[in-house]
Amino acid sequence: MNAKAIIQNGTVQTMCRMCDTRCAVKIQIDNGIMTDVTPDANHPVNEGRMCVRGAAVRDLFYHPDRILKPLKRTPDGTFMEISYEQALDEIAEKALHIKKESGTRAMSVWKGEAVGFFQQEEYARRFIQAFGSPNYFSNDATCFNGRYLAYRLVNGFWDNFPEFEHADLVILWGTNPPACHMPFMREIADAMQRGAKLIVIDTRRNPIAYQADIFARPMTATDGALAWGLCRYLITTNNYDHQLVEDYSVGFDQFAAYAEKFTPEYVEQQTGVDRQTVVEIAEMIARRRPKVSMYPGTGLEHQKNGVNNIRVIAALESLVGALDIKGGCTWRESLGGRNLTLYDELPLFDQQPIGADTFPVLYDLRKECHTMTAMEYMLDQGEYPLRGMILTAANPAVSNPNTRKVTEALSNLDLFVVNDFFLTRTAKLAHYVLPAATFLERSELHYYSKYQRVGLSQKVFEIPGVHDEYTLWHDLAHRLGFGEKYFPWSNEEEVTRWILEPTGITLEELQNHPEGLVYKPIRYKKYETAPLPTPSGTGKVEFASEYLKKFGLSEIPEYIPPYYLQVKKNYPFVLQTGARKPLLYHSGHQNIPRFRTILPTAQVEIHPATAARLDLKDKDRVKIISEIGSVEVEAKIVHKNEILPDVLELYHGWQDSPPNFVTFDLRNDPISGFPSWKAVPVRVEKIQK
Ligand SMILES: Nc1nc2c(c(=O)[nH]1)N[C@H]1C(S)=C(S)[C@@H](COP(=O)(O)OP(=O)(O)OC[C@H]3O[C@@H](n4cnc5c(=O)[nH]c(N)nc54)[C@H](O)[C@@H]3O)O[C@H]1N2
Ligand SMILES: Nc1nc2c(c(=O)[nH]1)N[C@H]1C(S)=C(S)[C@@H](COP(=O)(O)OP(=O)(O)OC[C@H]3O[C@@H](n4cnc5c(=O)[nH]c(N)nc54)[C@H](O)[C@@H]3O)O[C@H]1N2
Ligand code: SF4
Ligand SMILES: [Mo]
């Protein structure tokens with residue numbers, strides 16, 4: 001590969017962007033070749049550590065399958081290499097044709113997690129608004145927005161940062177940090193060394209549960225009942241923060257009245273967690289409050305009742321007085337840089353953003369269109385046709401629910417462009433595949449909000465013919481006629497300068513400080529001096545939300561028992577998908593040979609008693625069948641303590657046999673629009689050899 005390093009020999013400090021942790025790393029270059037990557041000891045986010053995926057950056061960067069030239073699909077379905085100029089000219093011409101035939105809203109963009117948030121995300125948002133279409137899609141229609149919306153609805157802020165390191169009690173709820181949140185592990189270890197306690201609430205005995213003082217295992221998707229039970233106990237035993245409730249909240253009486261039925265006995269009946277454990281957890285919270293730090297993960301968010309479950313947890317945080325205190329649940333102040341999006345200048349709401357009618361809260365608070373509804377539009381079953389899409393850094397043919405429909409929908413587009421490193425399952429459906437730049441070929445701002453710190457990553461390499469995300473959007477915008485107005489900056493560095501301008505921090509300062517700069521000191525209890533920006537406009541913590549009532553949604557975060565209980569007769573198992581694995585990043589990294597040796601194929605985790613009942617041995621092939629599809633994988637029989645007999649667990653990112661073949665796309669959380677990925681009713685059949 002013809003990669004040109006910015007220096008021939010030495011180290012360059014930058015930030016790993018192989019996951020959202022963004023560890024500070026040093027790239028060693030010898031004779032223009034990347035020979036090593038090591039963690040930086042001085043950055044608060046990773047303090048000298050890095051993970052096995054980050055250490056594999058060379059495997060990814062120099063991978064022999066990496067796409068280095070644009071590809072165009074030919075009529076016989078194969079791909080041929082073309083020049084970047086030809087690819088962009090043809091894409092622009094086709095986009096203009098779609099605009100002429102079907103209107104601007106028939107075009108769309110989609111960004112994936114790998115270029116998530118801030119600058120990279122905002123380029124995609126800006127591009128499509130400037131084109132005249134409101135149809136911006138992203139992985140966030142299934143990631144994090146459940147939590148974002150829940151926290152915004154309760155206390156107005158979204159970037160809820162648990163301060164485990166200063167807490168007296170840590171509660172991990174539907175999350176397994178050893179697999180996916182490396183800094184949490186250090187913070188929790190520090191806290192426990194000081195004497196803090198750890199509660200883990202998870203349907204599986206996940207690795208972090210082995211360290212817990214209390215481990216509670218609710219039945220899948222019943223966490224809301226447990227959270228309500230804890231609130232009820234704290235209210236009835238008078239163990240809550242009266243001042244916060246009286247002076248800084250609304251809706252408490254309504255909340256307390258709804259909580260009444262969640263006695264320990266009722267919680268046990270709903271969740272399977274015995275009543276003594278419910279009381280034990282509540283008492284530990286009562287003893288250790290207010291320094292209680294909680295983190296809800298995708299185990300809660302990927303549920304039909306996801307936002308409401310997390311709203312109860314957010315309410316619990318306020319109840320115990322943990323809101324925005326050191327060692328509690330805090331939010332941070334922003335840098336105050338410029339935003340690239342155009343929602344004020346070009347709202348385009350009259351163009352009917354896809355999903356804004358069915359999931360109005362998601363669109364109103366997040367300006368996020370709904371990817372699952374988009375599939376209907378691509379299949380000509382929506383309000384208007386969706387004909388074109390430019391997709392970067394995502395693999396929805398694996399990562400979105402209902403793989404069969406996603407494949408049909410994407411195949412039905414008149415123009416489908418994918419920007420990726422590899423010919424993924426999604427890229428194979430594209431008309432054009434563009435060679436994407438890795439984080440080592442980009443320079444962008446990184447906000448480490450928890451530390452109120454901003455840093456700039458370094459461009460370490462340039463590969464001729466490979467363009468960074470900004471250049472791609474810029475070059476297309478100029479071909480489409482709105483480049484001069486909306487993408488006037490000639491490169492990413494100029495954009496960064498423009499973003500930073502109002503902040504008082506300059507690009508040069510950040511270049512001179514690769515470890516980043518603290519932009520503001522951290523303050524606590526900010527709600528005492530400024531109103532909380534809750535969407536109902538009360539300025540207070542909202543135990544009940546007037547705002548939701550406007551959309552016909554319940555003011556109180558009601559608990560609704562899971563759907564799978566209704567179909568247990570035909571689908572006796574609950575399939576949970578997507579518990580993270582340390583080696584893999586969603587559908588990525590399966591093409592790294594040494595990772596493949598460890599994880600050669602998709603495996604579903606099964607309880608030994610269930611395996612015996614189904615006459616299964618380890619590594620037997622099984623077919624998992626849901627109401628909408630099926631997928632064939634290998635059985636992995638785990639220890640009886642790890643999983644409940646009627647629960648199965650399957651990683652979500654397998655490219656060869658995507659678990660999303662069995663997950664539902666249209667049975668969603670009414671607030672966030674999220675699929676219930678962690679609670680799919682299924683049955684299992686052994687595949688006879
Ligand atoms: N069943 C089930 N499905 C799930 C989940 C689940 O738990 N269960 N989890 C969901 C969640 S939370 C998320 S966030 C989504 C993630 O879903 P996606 O965002 O679609 O993530 P990936 O499937 O990994 O696809 C990312 C693609 O981007 C490419 N890529 C990596 N880095 C870069 C880069 O720097 N630039 C560009 N242009 N491309 C890059 C990779 O090669 C890969 O093909 O999956 C969701 N899907
Ligand atoms: N290595 C790696 N790291 C990653 C990612 C990756 O793909 N790979 N993805 C990143 C992204 S985009 C995201 S969104 C985060 C996700 O981060 P997390 O949400 O922390 O994901 P997991 O560690 O898989 O934790 C989910 C846990 O929920 C449990 N669970 C499932 N259903 C239920 C339930 O009904 N109730 C309860 N209480 N628990 C349940 C599962 O057993 C599992 O232990 O990880 C990020 N980090
Ligand atoms: S946790 Fe690993 S993959 Fe994520 S940023 Fe750090 S080193 Fe990179
Ligand atoms: Mo995610």
# chains A, B, ... in the order shown; residues from 1 in each chain; ligands from 1
$ residues_around --residues "Ser133 of chain A" --least-positions-apart "6" --cutoff "10 Å" --atoms "only C-alpha atoms" --output "list in words"
Lys99, Gly103, Thr104, Arg105, Ala106, Met107, Ser108, Val109, Arg125, Phe127, Leu346, Pro347, Leu348, Phe349, Gln351, Gln352 and Pro353 of chain A
$ residues_near_ligand --ligand "ligand 1" --cutoff "6 Å" --atoms "only C-alpha atoms and all ligand atoms" --output "PDB file with N, CA, C and O atoms, in the first residue's frame"
ATOM      1  N   GLY A 112     -22.604   5.833  10.266  1.00  0.00           N
ATOM      2  CA  GLY A 112     -22.548   4.766  11.266  1.00  0.00           C
ATOM      3  C   GLY A 112     -21.761   5.186  12.500  1.00  0.00           C
ATOM      4  O   GLY A 112     -21.242   6.301  12.595  1.00  0.00           O
ATOM      5  N   GLU A 113     -21.671   4.270  13.444  1.00  0.00           N
ATOM      6  CA  GLU A 113     -21.039   4.570  14.734  1.00  0.00           C
ATOM      7  C   GLU A 113     -19.590   5.013  14.557  1.00  0.00           C
ATOM      8  O   GLU A 113     -19.109   5.891  15.280  1.00  0.00           O
ATOM      9  N   ALA A 114     -18.892   4.422  13.571  1.00  0.00           N
ATOM     10  CA  ALA A 114     -17.455   4.670  13.433  1.00  0.00           C
ATOM     11  C   ALA A 114     -17.117   6.141  13.140  1.00  0.00           C
ATOM     12  O   ALA A 114     -15.995   6.569  13.394  1.00  0.00           O
ATOM     13  N   VAL A 115     -18.073   6.893  12.594  1.00  0.00           N
ATOM     14  CA  VAL A 115     -17.831   8.341  12.449  1.00  0.00           C
ATOM     15  C   VAL A 115     -18.889   9.109  13.242  1.00  0.00           C
ATOM     16  O   VAL A 115     -19.296  10.202  12.862  1.00  0.00           O
ATOM     17  N   ASN A 139     -26.823   5.165  12.866  1.00  0.00           N
ATOM     18  CA  ASN A 139     -26.895   4.089  13.849  1.00  0.00           C
ATOM     19  C   ASN A 139     -27.573   4.569  15.130  1.00  0.00           C
ATOM     20  O   ASN A 139     -28.046   3.770  15.928  1.00  0.00           O
ATOM     21  N   THR A 142     -30.727   3.464  16.710  1.00  0.00           N
ATOM     22  CA  THR A 142     -30.777   2.233  17.517  1.00  0.00           C
ATOM     23  C   THR A 142     -29.724   2.240  18.615  1.00  0.00           C
ATOM     24  O   THR A 142     -29.498   1.225  19.269  1.00  0.00           O
ATOM     25  N   CYS A 143     -29.050   3.339  18.812  1.00  0.00           N
ATOM     26  CA  CYS A 143     -27.945   3.379  19.784  1.00  0.00           C
ATOM     27  C   CYS A 143     -27.968   4.674  20.575  1.00  0.00           C
ATOM     28  O   CYS A 143     -28.005   5.757  19.985  1.00  0.00           O
ATOM     29  N   THR A 392     -22.073   6.176   5.050  1.00  0.00           N
ATOM     30  CA  THR A 392     -20.666   6.089   5.444  1.00  0.00           C
ATOM     31  C   THR A 392     -20.516   5.447   6.809  1.00  0.00           C
ATOM     32  O   THR A 392     -21.289   5.737   7.732  1.00  0.00           O
ATOM     33  N   ALA A 393     -19.566   4.534   6.918  1.00  0.00           N
ATOM     34  CA  ALA A 393     -19.174   3.940   8.202  1.00  0.00           C
ATOM     35  C   ALA A 393     -20.288   3.167   8.894  1.00  0.00           C
ATOM     36  O   ALA A 393     -20.389   3.186  10.118  1.00  0.00           O
ATOM     37  N   ALA A 394     -21.109   2.498   8.127  1.00  0.00           N
ATOM     38  CA  ALA A 394     -22.169   1.676   8.729  1.00  0.00           C
ATOM     39  C   ALA A 394     -22.359   0.423   7.896  1.00  0.00           C
ATOM     40  O   ALA A 394     -21.977   0.384   6.724  1.00  0.00           O
ATOM     41  N   ASN A 395     -22.978  -0.555   8.520  1.00  0.00           N
ATOM     42  CA  ASN A 395     -23.209  -1.830   7.837  1.00  0.00           C
ATOM     43  C   ASN A 395     -24.605  -2.345   8.183  1.00  0.00           C
ATOM     44  O   ASN A 395     -24.761  -3.390   8.814  1.00  0.00           O
ATOM     45  N   PRO A 396     -25.639  -1.564   7.778  1.00  0.00           N
ATOM     46  CA  PRO A 396     -26.998  -1.915   8.215  1.00  0.00           C
ATOM     47  C   PRO A 396     -27.485  -3.274   7.741  1.00  0.00           C
ATOM     48  O   PRO A 396     -28.382  -3.846   8.363  1.00  0.00           O
ATOM     49  N   VAL A 398     -26.125  -5.779   8.274  1.00  0.00           N
ATOM     50  CA  VAL A 398     -25.848  -6.627   9.439  1.00  0.00           C
ATOM     51  C   VAL A 398     -26.458  -6.001  10.696  1.00  0.00           C
ATOM     52  O   VAL A 398     -27.069  -6.688  11.509  1.00  0.00           O
ATOM     53  N   SER A 399     -26.317  -4.678  10.834  1.00  0.00           N
ATOM     54  CA  SER A 399     -26.585  -4.067  12.141  1.00  0.00           C
ATOM     55  C   SER A 399     -28.005  -3.559  12.347  1.00  0.00           C
ATOM     56  O   SER A 399     -28.360  -3.211  13.469  1.00  0.00           O
ATOM     57  N   ASN A 400     -28.823  -3.470  11.312  1.00  0.00           N
ATOM     58  CA  ASN A 400     -30.214  -3.025  11.525  1.00  0.00           C
ATOM     59  C   ASN A 400     -31.151  -4.232  11.631  1.00  0.00           C
ATOM     60  O   ASN A 400     -30.860  -5.278  11.075  1.00  0.00           O
ATOM     61  N   ASN A 419     -19.379   4.250   1.698  1.00  0.00           N
ATOM     62  CA  ASN A 419     -17.999   4.671   1.953  1.00  0.00           C
ATOM     63  C   ASN A 419     -17.455   3.806   3.093  1.00  0.00           C
ATOM     64  O   ASN A 419     -17.891   3.938   4.231  1.00  0.00           O
ATOM     65  N   ASP A 420     -16.559   2.892   2.795  1.00  0.00           N
ATOM     66  CA  ASP A 420     -16.083   1.922   3.805  1.00  0.00           C
ATOM     67  C   ASP A 420     -14.680   1.454   3.432  1.00  0.00           C
ATOM     68  O   ASP A 420     -14.208   1.714   2.328  1.00  0.00           O
ATOM     69  N   PHE A 421     -14.045   0.740   4.367  1.00  0.00           N
ATOM     70  CA  PHE A 421     -12.707   0.174   4.072  1.00  0.00           C
ATOM     71  C   PHE A 421     -12.821  -1.145   3.322  1.00  0.00           C
ATOM     72  O   PHE A 421     -11.890  -1.583   2.671  1.00  0.00           O
ATOM     73  N   PHE A 422     -13.959  -1.825   3.552  1.00  0.00           N
ATOM     74  CA  PHE A 422     -14.074  -3.202   3.068  1.00  0.00           C
ATOM     75  C   PHE A 422     -15.380  -3.395   2.295  1.00  0.00           C
ATOM     76  O   PHE A 422     -16.335  -2.631   2.468  1.00  0.00           O
ATOM     77  N   THR A 424     -18.205  -4.856   2.549  1.00  0.00           N
ATOM     78  CA  THR A 424     -19.049  -5.467   3.576  1.00  0.00           C
ATOM     79  C   THR A 424     -20.329  -6.006   2.948  1.00  0.00           C
ATOM     80  O   THR A 424     -20.608  -5.764   1.768  1.00  0.00           O
ATOM     81  N   ALA A 436     -12.735   4.452   2.135  1.00  0.00           N
ATOM     82  CA  ALA A 436     -12.830   5.374   3.278  1.00  0.00           C
ATOM     83  C   ALA A 436     -11.472   5.558   3.946  1.00  0.00           C
ATOM     84  O   ALA A 436     -10.617   4.670   3.914  1.00  0.00           O
ATOM     85  N   ALA A 437     -11.320   6.731   4.576  1.00  0.00           N
ATOM     86  CA  ALA A 437     -10.104   7.027   5.335  1.00  0.00           C
ATOM     87  C   ALA A 437     -10.274   6.541   6.765  1.00  0.00           C
ATOM     88  O   ALA A 437     -11.329   6.746   7.371  1.00  0.00           O
ATOM     89  N   THR A 438      -9.261   5.908   7.310  1.00  0.00           N
ATOM     90  CA  THR A 438      -9.318   5.520   8.725  1.00  0.00           C
ATOM     91  C   THR A 438      -9.067   6.771   9.576  1.00  0.00           C
ATOM     92  O   THR A 438      -8.699   7.825   9.052  1.00  0.00           O
ATOM     93  N   PHE A 439      -9.189   6.618  10.883  1.00  0.00           N
ATOM     94  CA  PHE A 439      -8.941   7.774  11.763  1.00  0.00           C
ATOM     95  C   PHE A 439      -7.508   8.256  11.633  1.00  0.00           C
ATOM     96  O   PHE A 439      -7.209   9.423  11.921  1.00  0.00           O
ATOM     97  N   THR A 577     -29.738 -10.192  21.861  1.00  0.00           N
ATOM     98  CA  THR A 577     -28.668 -10.063  20.870  1.00  0.00           C
ATOM     99  C   THR A 577     -27.756  -8.910  21.250  1.00  0.00           C
ATOM    100  O   THR A 577     -28.202  -7.914  21.820  1.00  0.00           O
ATOM    101  N   GLY A 578     -26.479  -9.085  20.944  1.00  0.00           N
ATOM    102  CA  GLY A 578     -25.583  -7.930  20.970  1.00  0.00           C
ATOM    103  C   GLY A 578     -24.821  -7.680  22.246  1.00  0.00           C
ATOM    104  O   GLY A 578     -24.320  -6.564  22.419  1.00  0.00           O
ATOM    105  N   TYR A 585     -15.813  -5.153  17.110  1.00  0.00           N
ATOM    106  CA  TYR A 585     -16.554  -3.897  17.167  1.00  0.00           C
ATOM    107  C   TYR A 585     -17.713  -4.018  16.186  1.00  0.00           C
ATOM    108  O   TYR A 585     -17.520  -3.928  14.976  1.00  0.00           O
ATOM    109  N   HIS A 586     -18.891  -4.239  16.693  1.00  0.00           N
ATOM    110  CA  HIS A 586     -20.071  -4.486  15.856  1.00  0.00           C
ATOM    111  C   HIS A 586     -19.727  -5.509  14.772  1.00  0.00           C
ATOM    112  O   HIS A 586     -19.213  -6.576  15.077  1.00  0.00           O
ATOM    113  N   SER A 587     -19.923  -5.137  13.485  1.00  0.00           N
ATOM    114  CA  SER A 587     -19.628  -6.127  12.439  1.00  0.00           C
ATOM    115  C   SER A 587     -18.159  -6.092  12.035  1.00  0.00           C
ATOM    116  O   SER A 587     -17.747  -6.812  11.130  1.00  0.00           O
ATOM    117  N   GLY A 588     -17.382  -5.263  12.707  1.00  0.00           N
ATOM    118  CA  GLY A 588     -15.984  -5.102  12.316  1.00  0.00           C
ATOM    119  C   GLY A 588     -15.049  -6.102  12.968  1.00  0.00           C
ATOM    120  O   GLY A 588     -15.413  -6.776  13.950  1.00  0.00           O
ATOM    121  N   HIS A 652     -24.297  -9.582  17.930  1.00  0.00           N
ATOM    122  CA  HIS A 652     -25.098  -9.016  16.831  1.00  0.00           C
ATOM    123  C   HIS A 652     -24.354  -8.828  15.513  1.00  0.00           C
ATOM    124  O   HIS A 652     -24.978  -8.617  14.490  1.00  0.00           O
ATOM    125  N   PRO A 659     -27.547 -12.058  13.062  1.00  0.00           N
ATOM    126  CA  PRO A 659     -28.655 -12.323  13.979  1.00  0.00           C
ATOM    127  C   PRO A 659     -29.871 -11.455  13.698  1.00  0.00           C
ATOM    128  O   PRO A 659     -30.985 -11.815  14.079  1.00  0.00           O
ATOM    129  N   ASN A 660     -29.652 -10.330  13.011  1.00  0.00           N
ATOM    130  CA  ASN A 660     -30.802  -9.464  12.758  1.00  0.00           C
ATOM    131  C   ASN A 660     -31.794 -10.061  11.759  1.00  0.00           C
ATOM    132  O   ASN A 660     -32.856  -9.487  11.528  1.00  0.00           O
ATOM    133  N   TRP A 677     -34.205  -5.398  20.795  1.00  0.00           N
ATOM    134  CA  TRP A 677     -33.155  -6.325  20.413  1.00  0.00           C
ATOM    135  C   TRP A 677     -32.763  -7.302  21.514  1.00  0.00           C
ATOM    136  O   TRP A 677     -32.128  -8.300  21.265  1.00  0.00           O
TER     137      TRP A 677
END
$ residues_near_ligand --ligand "ligand 3" --cutoff "9 Å" --atoms "only C-alpha atoms and all ligand atoms" --output "ChimeraX atom specification"
/A:15-25,38-39,45-46,49-57,180-183,582,585
$ select_by_dssp --residues "segment 216-404 of chain A" --states "strand (DSSP E or B)" --output "ChimeraX atom specification"
/A:216,249-250,292-296,323,329-330,388-392
$ write_last_selection --atoms "N, CA, C and O atoms" --output "short mmCIF file (atom, residue, chain, number, x, y, z; two decimals), in the first residue's frame"
data_model
loop_
_atom_site.label_atom_id
_atom_site.label_comp_id
_atom_site.auth_asym_id
_atom_site.auth_seq_id
_atom_site.Cartn_x
_atom_site.Cartn_y
_atom_site.Cartn_z
N ALA A 216 -28.10 -8.99 40.81
CA ALA A 216 -29.51 -9.31 40.64
C ALA A 216 -29.77 -9.67 39.19
O ALA A 216 -29.26 -8.99 38.30
N SER A 249 -38.17 19.88 41.57
CA SER A 249 -38.81 18.86 40.73
C SER A 249 -40.29 19.13 40.55
O SER A 249 -40.89 19.89 41.31
N VAL A 250 -40.87 18.48 39.53
CA VAL A 250 -42.33 18.50 39.35
C VAL A 250 -42.80 17.06 39.19
O VAL A 250 -42.02 16.18 38.79
N VAL A 292 -24.29 7.91 44.79
CA VAL A 292 -24.66 6.70 44.07
C VAL A 292 -24.51 7.00 42.58
O VAL A 292 -25.06 7.97 42.08
N SER A 293 -23.73 6.18 41.91
CA SER A 293 -23.44 6.43 40.51
C SER A 293 -23.96 5.26 39.68
O SER A 293 -23.55 4.13 39.91
N MET A 294 -24.87 5.56 38.77
CA MET A 294 -25.51 4.46 38.02
C MET A 294 -25.24 4.60 36.53
O MET A 294 -25.11 5.71 36.02
N TYR A 295 -25.21 3.47 35.85
CA TYR A 295 -25.07 3.51 34.39
C TYR A 295 -25.98 2.47 33.76
O TYR A 295 -25.78 1.27 33.94
N PRO A 296 -26.99 2.92 33.02
CA PRO A 296 -27.81 1.96 32.28
C PRO A 296 -27.22 1.74 30.89
O PRO A 296 -26.83 2.69 30.21
N LEU A 323 -28.10 13.66 41.89
CA LEU A 323 -28.10 14.50 40.70
C LEU A 323 -27.01 15.57 40.75
O LEU A 323 -26.98 16.42 41.63
N CYS A 329 -24.44 11.27 39.64
CA CYS A 329 -24.72 11.26 38.21
C CYS A 329 -24.70 12.69 37.74
O CYS A 329 -25.53 13.50 38.16
N THR A 330 -23.75 13.01 36.90
CA THR A 330 -23.50 14.41 36.59
C THR A 330 -23.68 14.67 35.11
O THR A 330 -23.75 13.74 34.31
N GLY A 388 -32.49 7.50 -3.06
CA GLY A 388 -31.03 7.54 -3.06
C GLY A 388 -30.46 7.67 -1.66
O GLY A 388 -31.10 8.21 -0.75
N MET A 389 -29.25 7.12 -1.47
CA MET A 389 -28.62 7.20 -0.15
C MET A 389 -27.09 7.17 -0.28
O MET A 389 -26.55 6.38 -1.07
N ILE A 390 -26.46 8.04 0.50
CA ILE A 390 -25.00 7.97 0.62
C ILE A 390 -24.73 7.55 2.06
O ILE A 390 -25.15 8.24 2.99
N LEU A 391 -24.08 6.42 2.21
CA LEU A 391 -23.91 5.83 3.54
C LEU A 391 -22.42 5.73 3.87
O LEU A 391 -21.63 5.30 3.04
N THR A 392 -22.07 6.18 5.05
CA THR A 392 -20.67 6.09 5.44
C THR A 392 -20.52 5.45 6.81
O THR A 392 -21.29 5.74 7.73
#
$ closest_residue --among "A:Gly321, A:Pro75, A:Gly146, A:Gly483" --to "ligand 4" --atoms "only C-alpha atoms and all ligand atoms"
A:Gly146
$ residues_around --residues "Pro44 of chain A" --least-positions-apart "3" --cutoff "12 Å" --atoms "only C-alpha atoms" --output "JSON, numbers by chain"
{"A": [21, 22, 23, 24, 39, 40, 41, 47, 48, 49, 183, 184, 186, 187, 448, 449, 450, 451, 452, 453, 454, 455, 515, 516, 517, 518]}
$ residues_near_ligand --ligand "ligand 2" --cutoff "7 Å" --atoms "only C-alpha atoms and all ligand atoms" --output "MDAnalysis selection string"
chainID A and resid 19:20 113 143:144 173:177 179:181 201:204 206 217:223 297:300 576 578:586 678:679
$ atom_distance --atom1 "atom CA of Val320 of chain A" --atom2 "atom CA of Arg289 of chain A"
5.9 Å
$ residues_around --residues "segment 663-667 of chain A" --least-positions-apart "3" --cutoff "10 Å" --atoms "only C-alpha atoms" --output "PyMOL selection string"
chain A and resi 303-304+371-373+375+400-403+405-406+563+575-577+625-630+658-660+670+673-682
$ atom_distance --atom1 "atom CA of Leu456 of chain A" --atom2 "atom CA of Leu500 of chain A"
11.0 Å
$ atom_distance --atom1 "atom CA of Pro514 of chain A" --atom2 "atom CA of Trp331 of chain A"
24.8 Å
$ select_by_dssp --residues "segment 224-414 of chain A" --states "helix (DSSP H, G or I)" --output "ChimeraX atom specification"
/A:224-236,242-248,252-259,264-271,275-288,298-301,306-319,349-351,360-366,371-378,396-399,403-411
$ residues_around --residues "Gln511 of chain A" --least-positions-apart "5" --cutoff "12 Å" --atoms "only C-alpha atoms" --output "NGL selection string"
:A and (12-14 or 443-445 or 454-459 or 493 or 496-497 or 505-506 or 516-517)
$ residues_around --residues "Ala196 of chain A" --least-positions-apart "3" --cutoff "10 Å" --atoms "only C-alpha atoms" --output "number ranges by chain"
A: 164-170, 188-193, 213, 288, 291-292
$ write_last_selection --atoms "C-alpha atoms" --output "PDB file, in the first residue's frame"
ATOM      1  CA  PHE A 164     -17.798   5.975  39.601  1.00  0.00           C
ATOM      2  CA  GLU A 165     -14.350   6.971  40.841  1.00  0.00           C
ATOM      3  CA  HIS A 166     -15.858   9.230  43.536  1.00  0.00           C
ATOM      4  CA  ALA A 167     -18.957   7.153  44.313  1.00  0.00           C
ATOM      5  CA  ASP A 168     -19.853   5.168  47.428  1.00  0.00           C
ATOM      6  CA  LEU A 169     -22.109   2.889  45.423  1.00  0.00           C
ATOM      7  CA  VAL A 170     -21.835   1.920  41.761  1.00  0.00           C
ATOM      8  CA  ILE A 188     -14.801   1.125  39.458  1.00  0.00           C
ATOM      9  CA  ALA A 189     -11.598  -0.504  40.706  1.00  0.00           C
ATOM     10  CA  ASP A 190     -10.538   2.816  42.287  1.00  0.00           C
ATOM     11  CA  ALA A 191     -13.930   3.205  43.931  1.00  0.00           C
ATOM     12  CA  MET A 192     -13.951  -0.347  45.317  1.00  0.00           C
ATOM     13  CA  GLN A 193     -10.470   0.113  46.706  1.00  0.00           C
ATOM     14  CA  ASP A 213     -21.468  -7.149  46.151  1.00  0.00           C
ATOM     15  CA  ARG A 288     -24.866   4.894  50.716  1.00  0.00           C
ATOM     16  CA  LYS A 291     -22.990   9.269  46.253  1.00  0.00           C
ATOM     17  CA  VAL A 292     -24.661   6.702  44.071  1.00  0.00           C
TER      18      VAL A 292
END
$ closest_residue --among "A:Phe255, A:Tyr62, A:Phe117, A:Trp654" --to "ligand 4" --atoms "only C-alpha atoms and all ligand atoms"
A:Phe117
$ closest_residue --among "A:His431, A:Asp364, A:Asp344, A:Leu234" --to "Asp76 of chain A" --atoms "only C-alpha atoms"
A:His431
